[in-house]
Structure formats: C-alpha cells, structure tokens
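Step one of this worksheet: look at the structure below.
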Amino acid sequence: MSSLILPAVLSGLTMGAIYALVALGLTLIYGVLHIINFAHGSLLMLALYAVYFLHFYLGIDPYIAIPIVLPVFFVLGYALQRGLIAPMSSGSETNVLLVTLALSLAIDNLALYFWTSNTRTIDIPYAYDTVEFLGAYLPLGRVIAFFAALAVAPVLWLFMEHTRLGASIKAVAIEKRGAEIVGIDVNHAYAVCFGIGTACVALAACLLLPTFYVTPQVGYTFVLVAFTTVVLGGMGSLPGALVAGLLLGVIESLCGLFLGESLGQIGIFLAFILILLFKPSGLLGRGVKA
Amino acid sequence: MTHHLNRRSLLKASGALALASGLAAPSILRAQAATVKVGILEPLTGNLAYNGTQCVAGAKFAVEALNAAGGIKSMGGAQIELVVADAQSRPEVAAAAVDTLVEAGVCAFTGATASSLGLASTQAAAKYNLAQVVSIGTAEAMVERGLPNVFRFTPGVNKCTTVALDNLRLLNEGAGSPVKTAAIVHEDGPFGSGMAKILNERLPGIGIEVVETIQHPTPQRDFNNIALRVKASKADILIPSNYINEYTLMAKAIRQQRVELMAIYSILGGAASNIKFVRENNEVAQYVMDCNHWYDPQKPASVALAENVAKAGLDLTYDVMVAYASVQVIADALERSASDDREKMIEALAASTFDGSIMPYGPTKFVNGDNVNSQPVNTQIRGEKIELVFPKEYATAEAVFPMPKEG
C-alpha cells in the first residue's frame, strides 16, 4: 500500500485541480457577490455539452475549443445575470437563491429533454496518454488541467486586485450603495463578475471533458465539492479556492486509498469541519470585522 | 353579495364547460378501440436515467409491435397503452410512483433498472395486489420476501454469477488455466455488494484466488487509485460490477495505469454490453467479456427490434431488450387472463409458461416469483461489435480468452 501513496497524492492533486477550476468561478459569484448560484453545476453541464458538440459535429478538440467556448459562456453568464437573475430577484438574496435554483432545474430538464440521459464521451487520440512523474502515470488531460488551474487562479487574482473593473466588483461586493454613489455601474459589475464565473466553468469543462463524460446530471458530481472548496478556501479568495481544491483532491484520494473509495468523501467533510472550526474564515479568507 | 354571485357564475360556467368538454370526452373515447393500461416504472432522471430511458424505449417498441399485431385478442383486440412513471433513481420516489401507476389504472407494470428501486417498488405495489414484472433487479432479496406480486423475468445475481463462473471456468480450462488470481471492482449498492460477496465465496471453487476487492460509490469521479490497487494486486483478471459511467472511467484508468490483465470479465457490467461504450471507447473496449442479459439475436422479433432501434437512432442495449421482453410477458398474461383485473393478472403471471419472448430463455416458470428458466449469456466486444459467445447455440462468434497482449 505504501508504494501507492505518492501516486495517490499526485492523482489527488490533478483531480483537485479540476475541483479548483470549477470552484474558481463559484468563488467569484458566491464568494465575492454572495450570490448562491445553484445553477453553477448546470452551467458546467451546459459547457460540457458545448465542448462535446463542438467535437462531435465540427471535430474541434476540447483545448482548441477554449477560445470559442469561453467568450460564449462569458456572454451567457453576463446575459443571465443582467436579463434574468437581477430583474427577477429584485435585489433580494433569497430571491437570487430561488431564481438560480429555478434556472438550474430548467437547464437540467431541458438538457434531459433535448439530449436525453445518454452518457457521452469523446474519443480523442491522446485519451490514454499519460505523463510519467516519479514513477506514477498521470493522465495527460489531468496534468494539463492541473497547470491550467495553477495559471488561471493568479490571472484572476491579478484581474481582481489590479484592474479597475476588478476593483469595481470588489467595491460592489463590499458596499453596494457606496459603489453606486461613486459612479460604479453596479448592474454591469455584477454581470461581468457572473460572466467571468461562467467563463471559468466553461474553461473547467474544456479541461474536464478529455478525461470525463457528460450527462444532464454531471453537474451534481462536482457542484457540492465546489461549494465546499469555496468555503474551505475562504469566501471570495481565488488563491484559497486553488489551495482548497488541491487539498480536497489529495484528502479524497488518500481517504479513498486507506478507508475505501466509498468513504473517500468523509475525508473531505472532516477536513471541512476541522478547518472551519479552527479558522472560520477559511484557509485564505479574510476574517469578518465585528 | 357580488362575491356570491360571481362564485355561482364561475361554478355555472365551470359546470357548463365540463359538460361541453370534459364529460363528453369519455363517450368519444368509448367509441374508440378499447385500451388496457400497462405501466413502466423506470429512473428517467438521476444517475440511472440512461438505463431507465433505454428501458422505456424498449417497452414502447414492444407495445408498438404488439398493438400492430392486433393487440390483446382475448380482449377484443384491446390496444396496450403504456403508462410511464419516473423513479428518479431514488427508492423512495420509486415507491411513491407506484401510487401514480395505480391511480392511472394499470393492470401490471414493469421496471425498475436497479435492485434498490425494484425492492422499493415491488413492496409498494404489494399493497395494491399489483403485479410487477421485474425487468432488471438482480438482488436476490427481490424474490426472497414472499411477495406474491413479484415476477422477476430475468436472472438474479445468483444465477448470473453461477453461469458466469461456470463459463469462466470453461474458458480458463480451455486455455490451459492461465488465470489464477482475480480483482473485483464493484459499486457499493445492493447489486455490486451482493455480487462481490458471491464472487469472493465462489471464485476459489474454480481455482481463482481473489487478491483484491474494491468498492466504490456511484458516482465516482476518479478511478486512478482503483486502477493502481488492481495493478498492485497483480491480478490476472479484473471482474467489475458497476454502471456505465463508472465502467467507462474505470476502463480508461486501467489503460492509463498500464494494468496488465489477461481479461476483463464483467458480470452484469454496466458498459461491457453497451454499444455506446464500444463506439466511444473502442480501444479499451476490445475483448472485454460480459455475462449479462441479452436477447437471442436470431429470433425474428429480435431482428425487427434491432432494425427499429437503429431507425430510431437509439443504442441497442440490454435495457431495451429486457424491457421489450417484460412487456411481452405482461401481454401474454393479459391474453390468457382476458382481463385487466390486478388479481387475475397476478394469477396469470404465476401460471405463465410463455416461451415467445426475444430472450434466449426456456418456457417461463415463476417459482417464488423467480423465472427459473431465465439465463444470462456471455458477450465479448470485438471490433465495433458486441458478439454473443456463450452459450454455443446462440453464439455469433468464438470467444477469445485470454485477450491478446498489446503490441
């Protein structure tokens, strides 16, 4: 069993990178804007289908699809927030929750209706390619996802910390009324944030499909762990989401190895409880001032 | 006053509308050919939605064929009307959906893809004396509770395992007994866990030592650790029992982790008898064997079904086949009972000797609700096709065992 620990850790890191990628979009929407986006998993599913169909009908490789899918999903996210979520929620956080829940149900059921419950995978030439590292074989697709997560988190962080738009979003998140008074277009800032979050999900889909499958239910497979990642990393903390995602991947992998795969999830929630018990703001989250 | 007046007006208007439309409708319906309602309870949403949807498709093909052939002749050519209920992949919903079927007036129903769902639905149906022809429900508890309304048409886990192990022994002995050890990977529900228990007990009896048993939940996102454990066990063969999504990920991980096996020998494998798996994962699918539900491809009804499924752009999976056959069984019971009375349907099914289904079975004989003349068959993926390799009388190809080494 000891010889499996290192490969399990590496495997956990690459799986954790996927969790982090899914969680990055969520931490922007959920963590920064405090919108509990129940439709996050459904949007991931939608993006996976987009990548699948681009490959199926046009033969476009999932990685080549990134520059196509990302802008489309940014616009979709922007439009959803501006045209649906904001008007229907009327500024109430409870309403937002219900609207995103309704959106999730609508997307899932429409997917089921149009695309059926068929499991779909793509056949790509590098599907079984691996990278050998310290004696472990890591699936190429997951290694790419790992490095993508390492690259995307800092880029998003730089955007939030060092651009005017990023500052606007943060200002809206901290003090919406104040931001409005100083001339920030609050609705635009909300929609851009939602758009970026949705684009992140689309990126996760492009990186996930080479090693995974898509069904109308696939979003649920990742959304709970994504919410856990966001809270564990610290609400709204992009580096936190990355660290938490990787950590959860490793914990899940090691628990699966030692306790059995059926109990692998226990480790995730045990770590979640313990970390929040001793650091309620999450791993890299900022404490709330009294 | 105005309020009362408005309410009365509304009631009058509603009454008039009911008379004009709703109440007139039954007389129109009565003028049409009589129908008899047969239910199908399947998971159309949730993790098992793919299998459930395939089952419903199979049942619809059967109903179309039966109606086109003149319906239930003993009932004046009554046309079968299929009532579909969604079990949502959740046992409690499966149980509740039985009420929906009863309210719809079904005389019997088929379902429900997974043992956990079937156990719940049969229990709920027992309250109404409503017969369930279990299309897929391999857990033996299905037929061990003494419920008179349960009729499992397809083989249970015990029979599937027994036949699979007999065939494995024959294959292994035929090849000079190269397989000495096995690893079992199974989902942690009643189906997979029951299978693993039986395999652990019986594999040593055919000269194969179980060196690793790994269970996993459904869904399972990552199979790398499982593949690594199988590799570390140095097992000669892998025996998986799980559903299609997990099976697909597992097969990929096995290849990526360079696990060298003499065979992947599934018993009731989720993907090994699924043409979609073959199409989308052709490289890893080669030579995978399965002992599973499968039709007799040579029967005329089977040929017609395969053509209709292809025309509809669907995949011909065993779900389609068993649901089709289960509706055939119900139709035969209707024909003999000449009634859609629930009690009479139970009596007719209990006395069934039906041998006209598309499955490679002998005449139906339910003993304690279990069809003793059902049997699984062995399939093997070869190129783009799923070939039937055992029993010989139904075989479309010779089995290849052990599978050729790569390179």
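Chain lettering (A, B, ...) mirrors the order of the structure tokens, residue numbering begins at 1 for each chain separately, and ligand numbering begins at 1 in order of display.
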
Worksheet item: Would you list which chain A residues are within 6 Å of chain B using only C-alpha atoms, as a PyMOL selection string?
Response: chain A and resi 117-118+123+128+137+261-262

Keeping only C-alpha atoms, write those residues as a tab-separated table (two decimals), in the first residue's frame.
chain	number	residue	atom	x	y	z
A	117	SER	CA	-29.82	10.96	-20.37
A	118	ASN	CA	-27.28	9.31	-22.65
A	123	ASP	CA	-12.77	9.72	-28.49
A	128	TYR	CA	-4.95	7.34	-22.93
A	137	TYR	CA	1.41	7.62	-14.59
A	261	GLU	CA	-13.43	4.70	-2.14
A	262	SER	CA	-16.92	4.68	-0.64

Discussion item. I'd like the neighbourhood of Phe38 (chain A) as a PyMOL selection string, where a residue qualifies if any of its atoms comes within 10 Å (using only C-alpha atoms), though same-chain residues fewer than 2 positions away should be ignored.
Written reply: chain A and resi 26+30+35-36+40-43+96-105+223-224+227

Take the residues from that selection and write them out as a short mmCIF file (atom, residue, chain, number, x, y, z; two decimals), in the first residue's frame, keeping C-alpha atoms.
data_model
loop_
_atom_site.label_atom_id
_atom_site.label_comp_id
_atom_site.auth_asym_id
_atom_site.auth_seq_id
_atom_site.Cartn_x
_atom_site.Cartn_y
_atom_site.Cartn_z
CA LEU A 26 -18.08 29.88 -8.00
CA TYR A 30 -20.67 33.09 -4.45
CA ILE A 35 -24.88 35.02 -4.93
CA ILE A 36 -25.55 31.40 -4.07
CA HIS A 40 -23.30 26.52 -11.28
CA GLY A 41 -23.36 22.76 -11.80
CA SER A 42 -25.94 23.11 -14.56
CA LEU A 43 -23.77 25.68 -16.32
CA VAL A 96 -31.46 35.13 -6.09
CA LEU A 97 -31.27 31.74 -4.47
CA LEU A 98 -34.68 30.76 -5.80
CA VAL A 99 -34.00 32.16 -9.26
CA THR A 100 -30.72 30.25 -9.62
CA LEU A 101 -32.42 27.11 -8.31
CA ALA A 102 -35.18 27.51 -10.90
CA LEU A 103 -32.57 28.18 -13.56
CA SER A 104 -30.74 25.01 -12.57
CA LEU A 105 -33.93 22.93 -12.78
CA VAL A 223 -21.05 21.20 -7.57
CA LEU A 224 -21.16 20.09 -3.93
CA PHE A 227 -19.18 24.79 -2.80
#

Discussion item. What parts of region 131-285 of chain A does DSSP call strand (DSSP E)? I'd like the answer as a list in words.
Written reply: Val131, Glu132, Phe133, Ala136, Tyr137, Leu138 and Pro139 of chain A

Worksheet item: Which value, in Å to one decimal, gives the distance between CA of Leu334 (chain B) and CA of Gln375 (chain B)?
Response: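 Value for the CA of Leu334 (chain B)-CA of Gln375 (chain B) distance: 24.1 Å.
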
Worksheet item: Which residues, written as a list in words, have at least one atom at most 8 Å from Leu203 (chain A), with only C-alpha atoms counted and residues fewer than 5 positions away on the same chain left out?
Response: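 Answer for this query is Leu21, Ile66, Val69 and Leu70 of chain A.
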
Fill in: Long-range neighbours of Gln81 (chain A) as a count of residues only, 10 Å cut-off, only C-alpha atoms, 4 positions minimum in chain
18

Worksheet item: Please, what distance in Å, to one decimal, runs between CA of Leu238 (chain A) and CA of Arg82 (chain A)?
Response: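 Interatomic distance here is 23.6 Å.
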
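Remark: for Glu103 (chain B), the closest of the candidate residues B:Lys37, B:Phe61, B:Ser177, B:Leu261 is B:Lys37 (distances computed over only C-alpha atoms).
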
Practice prompt. Pick out the residues sitting within 9 Å of Val230 (chain A), and hand them over as a list in words; count only C-alpha atoms, and ignore anything fewer than 3 positions along from it in its own chain.
Written response: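 Residues near the query, excluding close chain neighbours: Ala20, Ala23, Leu24, Leu26, Thr27, Tyr30, Gly31, Val225, Ala226, Phe227, Gly233, Gly234, Met235, Gly236, Ser237, Leu238, Gly240, Ala241, Ala244, Gly245 and Gly282 of chain A.
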
With only C-alpha atoms as the counted atoms, please give the residues lying no more than 12 Å from Val143 (chain A), apart from itself and same-chain residues fewer than 3 positions off, as a CSV table (one decimal) with N, CA and C atoms, in the first residue's frame.
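Just written: around-v7.csv:
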chain,number,residue,atom,x,y,z
A,10,LEU,N,-0.4,12.4,-6.1
A,10,LEU,CA,-0.3,13.1,-7.4
A,10,LEU,C,-1.7,13.0,-8.1
A,11,SER,N,-2.3,11.9,-8.0
A,11,SER,CA,-3.6,11.7,-8.7
A,11,SER,C,-4.6,12.7,-8.0
A,12,GLY,N,-4.5,12.8,-6.7
A,12,GLY,CA,-5.4,13.7,-5.9
A,12,GLY,C,-5.2,15.2,-6.3
A,13,LEU,N,-3.9,15.5,-6.5
A,13,LEU,CA,-3.6,16.9,-6.9
A,13,LEU,C,-4.2,17.2,-8.3
A,14,THR,N,-4.1,16.3,-9.2
A,14,THR,CA,-4.7,16.6,-10.5
A,14,THR,C,-6.2,16.6,-10.5
A,15,MET,N,-6.8,15.7,-9.7
A,15,MET,CA,-8.3,15.8,-9.5
A,15,MET,C,-8.7,17.1,-8.8
A,16,GLY,N,-7.8,17.4,-7.8
A,16,GLY,CA,-8.1,18.7,-7.0
A,16,GLY,C,-8.1,19.9,-7.9
A,17,ALA,N,-7.2,19.8,-9.0
A,17,ALA,CA,-7.1,21.0,-9.9
A,17,ALA,C,-8.5,21.2,-10.6
A,18,ILE,N,-9.1,20.1,-10.9
A,18,ILE,CA,-10.5,20.2,-11.5
A,18,ILE,C,-11.4,20.8,-10.6
A,129,ASP,N,-3.1,8.9,-23.2
A,129,ASP,CA,-1.7,9.4,-23.0
A,129,ASP,C,-1.5,9.7,-21.5
A,130,THR,N,-0.4,9.4,-21.0
A,130,THR,CA,0.0,9.8,-19.6
A,130,THR,C,1.3,10.5,-19.5
A,131,VAL,N,1.5,11.1,-18.4
A,131,VAL,CA,2.8,11.7,-18.1
A,131,VAL,C,3.4,10.9,-17.0
A,132,GLU,N,4.6,10.4,-17.2
A,132,GLU,CA,5.3,9.7,-16.1
A,132,GLU,C,6.0,10.6,-15.2
A,133,PHE,N,5.7,10.6,-13.9
A,133,PHE,CA,6.4,11.5,-13.0
A,133,PHE,C,6.6,10.8,-11.7
A,136,ALA,N,4.9,7.5,-11.3
A,136,ALA,CA,3.4,7.5,-11.4
A,136,ALA,C,3.0,7.9,-12.8
A,137,TYR,N,2.0,7.3,-13.3
A,137,TYR,CA,1.4,7.6,-14.6
A,137,TYR,C,0.2,8.5,-14.4
A,138,LEU,N,0.4,9.8,-14.8
A,138,LEU,CA,-0.7,10.7,-14.6
A,138,LEU,C,-1.4,11.0,-16.0
A,139,PRO,N,-2.7,10.9,-16.1
A,139,PRO,CA,-3.4,11.1,-17.3
A,139,PRO,C,-3.1,12.5,-17.9
A,140,LEU,N,-2.7,12.6,-19.1
A,140,LEU,CA,-2.3,13.9,-19.7
A,140,LEU,C,-3.3,15.0,-19.5
A,146,PHE,N,-4.2,20.6,-14.3
A,146,PHE,CA,-3.5,21.0,-13.1
A,146,PHE,C,-2.8,22.3,-13.4
A,147,PHE,N,-2.0,22.3,-14.5
A,147,PHE,CA,-1.2,23.5,-14.8
A,147,PHE,C,-2.2,24.7,-15.2
A,148,ALA,N,-3.3,24.3,-15.8
A,148,ALA,CA,-4.2,25.4,-16.2
A,148,ALA,C,-4.8,26.1,-14.9
A,149,ALA,N,-5.1,25.2,-13.9
A,149,ALA,CA,-5.6,25.8,-12.6
A,149,ALA,C,-4.5,26.7,-12.0
A,150,LEU,N,-3.3,26.2,-12.0
A,150,LEU,CA,-2.2,27.0,-11.4
A,150,LEU,C,-2.0,28.3,-12.2
A,207,LEU,N,-11.3,21.5,-20.0
A,207,LEU,CA,-10.2,20.8,-19.5
A,207,LEU,C,-10.7,19.4,-18.9
A,208,LEU,N,-12.0,19.3,-18.6
A,208,LEU,CA,-12.5,18.1,-17.9
A,208,LEU,C,-12.9,17.1,-19.0
A,210,PRO,N,-11.9,15.8,-21.8
A,210,PRO,CA,-11.0,14.8,-22.3
A,210,PRO,C,-10.8,13.6,-21.4
A,211,THR,N,-11.1,13.8,-20.1
A,211,THR,CA,-10.9,12.7,-19.1
A,211,THR,C,-12.2,12.3,-18.5

Practice prompt. Extract, using only C-alpha atoms, all DNA, RNA and protein residues at most 12 Å from Cys206 (chain A), discarding same-chain residues fewer than 2 positions from it, and format them as a PyMOL selection string.
Written response: chain A and resi 18+21-22+44-55+60-70+73+122+141-142+144-145+148+199-204+208-214

Selected residues written out, C-alpha atoms, as a compact mmCIF listing (two decimals), in the first residue's frame:
# COMPACT_ATOMS: atom_id res chain seq x y z
CA ILE A 18 -10.46 20.16 -11.54
CA LEU A 21 -11.21 25.16 -11.67
CA VAL A 22 -14.90 24.56 -11.03
CA LEU A 44 -20.84 23.27 -16.06
CA MET A 45 -23.00 20.61 -17.66
CA LEU A 46 -24.07 23.02 -20.38
CA ALA A 47 -20.44 23.89 -21.09
CA LEU A 48 -19.51 20.20 -21.21
CA TYR A 49 -22.22 19.66 -23.81
CA ALA A 50 -20.98 22.67 -25.79
CA VAL A 51 -17.46 21.20 -25.84
CA TYR A 52 -18.85 17.77 -26.68
CA PHE A 53 -20.94 19.02 -29.61
CA LEU A 54 -18.09 21.15 -30.97
CA HIS A 55 -16.03 17.98 -31.06
CA ILE A 60 -12.88 20.65 -32.67
CA ASP A 61 -10.52 19.45 -29.97
CA PRO A 62 -11.63 20.43 -26.43
CA TYR A 63 -8.46 22.50 -25.92
CA ILE A 64 -8.88 24.27 -29.25
CA ALA A 65 -12.48 24.94 -28.21
CA ILE A 66 -11.34 27.12 -25.28
CA PRO A 67 -11.23 30.41 -27.26
CA ILE A 68 -14.70 29.64 -28.64
CA VAL A 69 -16.46 28.38 -25.53
CA LEU A 70 -15.04 30.91 -23.05
CA PHE A 73 -20.13 31.45 -21.81
CA ILE A 122 -15.30 11.86 -26.72
CA GLY A 141 -5.64 15.61 -19.61
CA ARG A 142 -5.49 15.89 -15.84
CA ILE A 144 -2.98 19.91 -18.34
CA ALA A 145 -5.91 20.76 -16.04
CA ALA A 148 -4.23 25.41 -16.15
CA ALA A 199 -16.41 31.55 -18.34
CA CYS A 200 -14.34 29.82 -15.63
CA VAL A 201 -16.86 26.98 -15.61
CA ALA A 202 -16.54 26.79 -19.40
CA LEU A 203 -12.77 26.54 -19.05
CA ALA A 204 -13.21 23.76 -16.50
CA LEU A 208 -12.52 18.14 -17.95
CA LEU A 209 -14.13 16.52 -20.98
CA PRO A 210 -11.00 14.78 -22.32
CA THR A 211 -10.93 12.67 -19.14
CA PHE A 212 -14.60 12.60 -18.15
CA TYR A 213 -18.11 12.16 -19.53
CA VAL A 214 -21.17 14.33 -19.87

Practice prompt. Quick one: pick out all helix (DSSP H, G or I) residues within region 89-132 of chain B from a backbone DSSP run and write them as a VMD selection string.
Written response: chain B and resid 91 to 104 115 to 126

With C-alpha atoms kept, could you save the residues just selected as a CSV table (one decimal), in the first residue's frame?
chain,number,residue,atom,x,y,z
B,91,PRO,CA,-36.0,4.2,-4.0
B,92,GLU,CA,-38.5,6.4,-2.1
B,93,VAL,CA,-39.6,8.0,-5.3
B,94,ALA,CA,-39.9,4.6,-6.9
B,95,ALA,CA,-42.3,3.5,-4.1
B,96,ALA,CA,-44.3,6.7,-4.4
B,97,ALA,CA,-44.5,6.4,-8.2
B,98,VAL,CA,-46.4,3.1,-7.8
B,99,ASP,CA,-49.4,5.1,-6.4
B,100,THR,CA,-49.3,7.1,-9.7
B,101,LEU,CA,-49.5,3.9,-11.7
B,102,VAL,CA,-52.4,2.6,-9.6
B,103,GLU,CA,-54.2,5.9,-10.0
B,104,ALA,CA,-53.7,5.7,-13.7
B,115,SER,CA,-32.4,-3.5,-7.4
B,116,SER,CA,-32.7,-0.7,-4.9
B,117,LEU,CA,-35.6,0.8,-6.9
B,118,GLY,CA,-37.2,-2.6,-7.6
B,119,LEU,CA,-37.2,-3.6,-4.0
B,120,ALA,CA,-39.0,-0.4,-3.1
B,121,SER,CA,-41.5,-0.5,-6.0
B,122,THR,CA,-42.4,-4.2,-5.5
B,123,GLN,CA,-43.0,-3.6,-1.8
B,124,ALA,CA,-45.3,-0.6,-2.6
B,125,ALA,CA,-47.1,-2.5,-5.3
B,126,ALA,CA,-47.8,-5.4,-3.0

Practice prompt. Between CA of Asp236 (chain B) and CA of Met262 (chain B), measure the distance and give it in Å to one decimal.
Written response: 5.5 Å
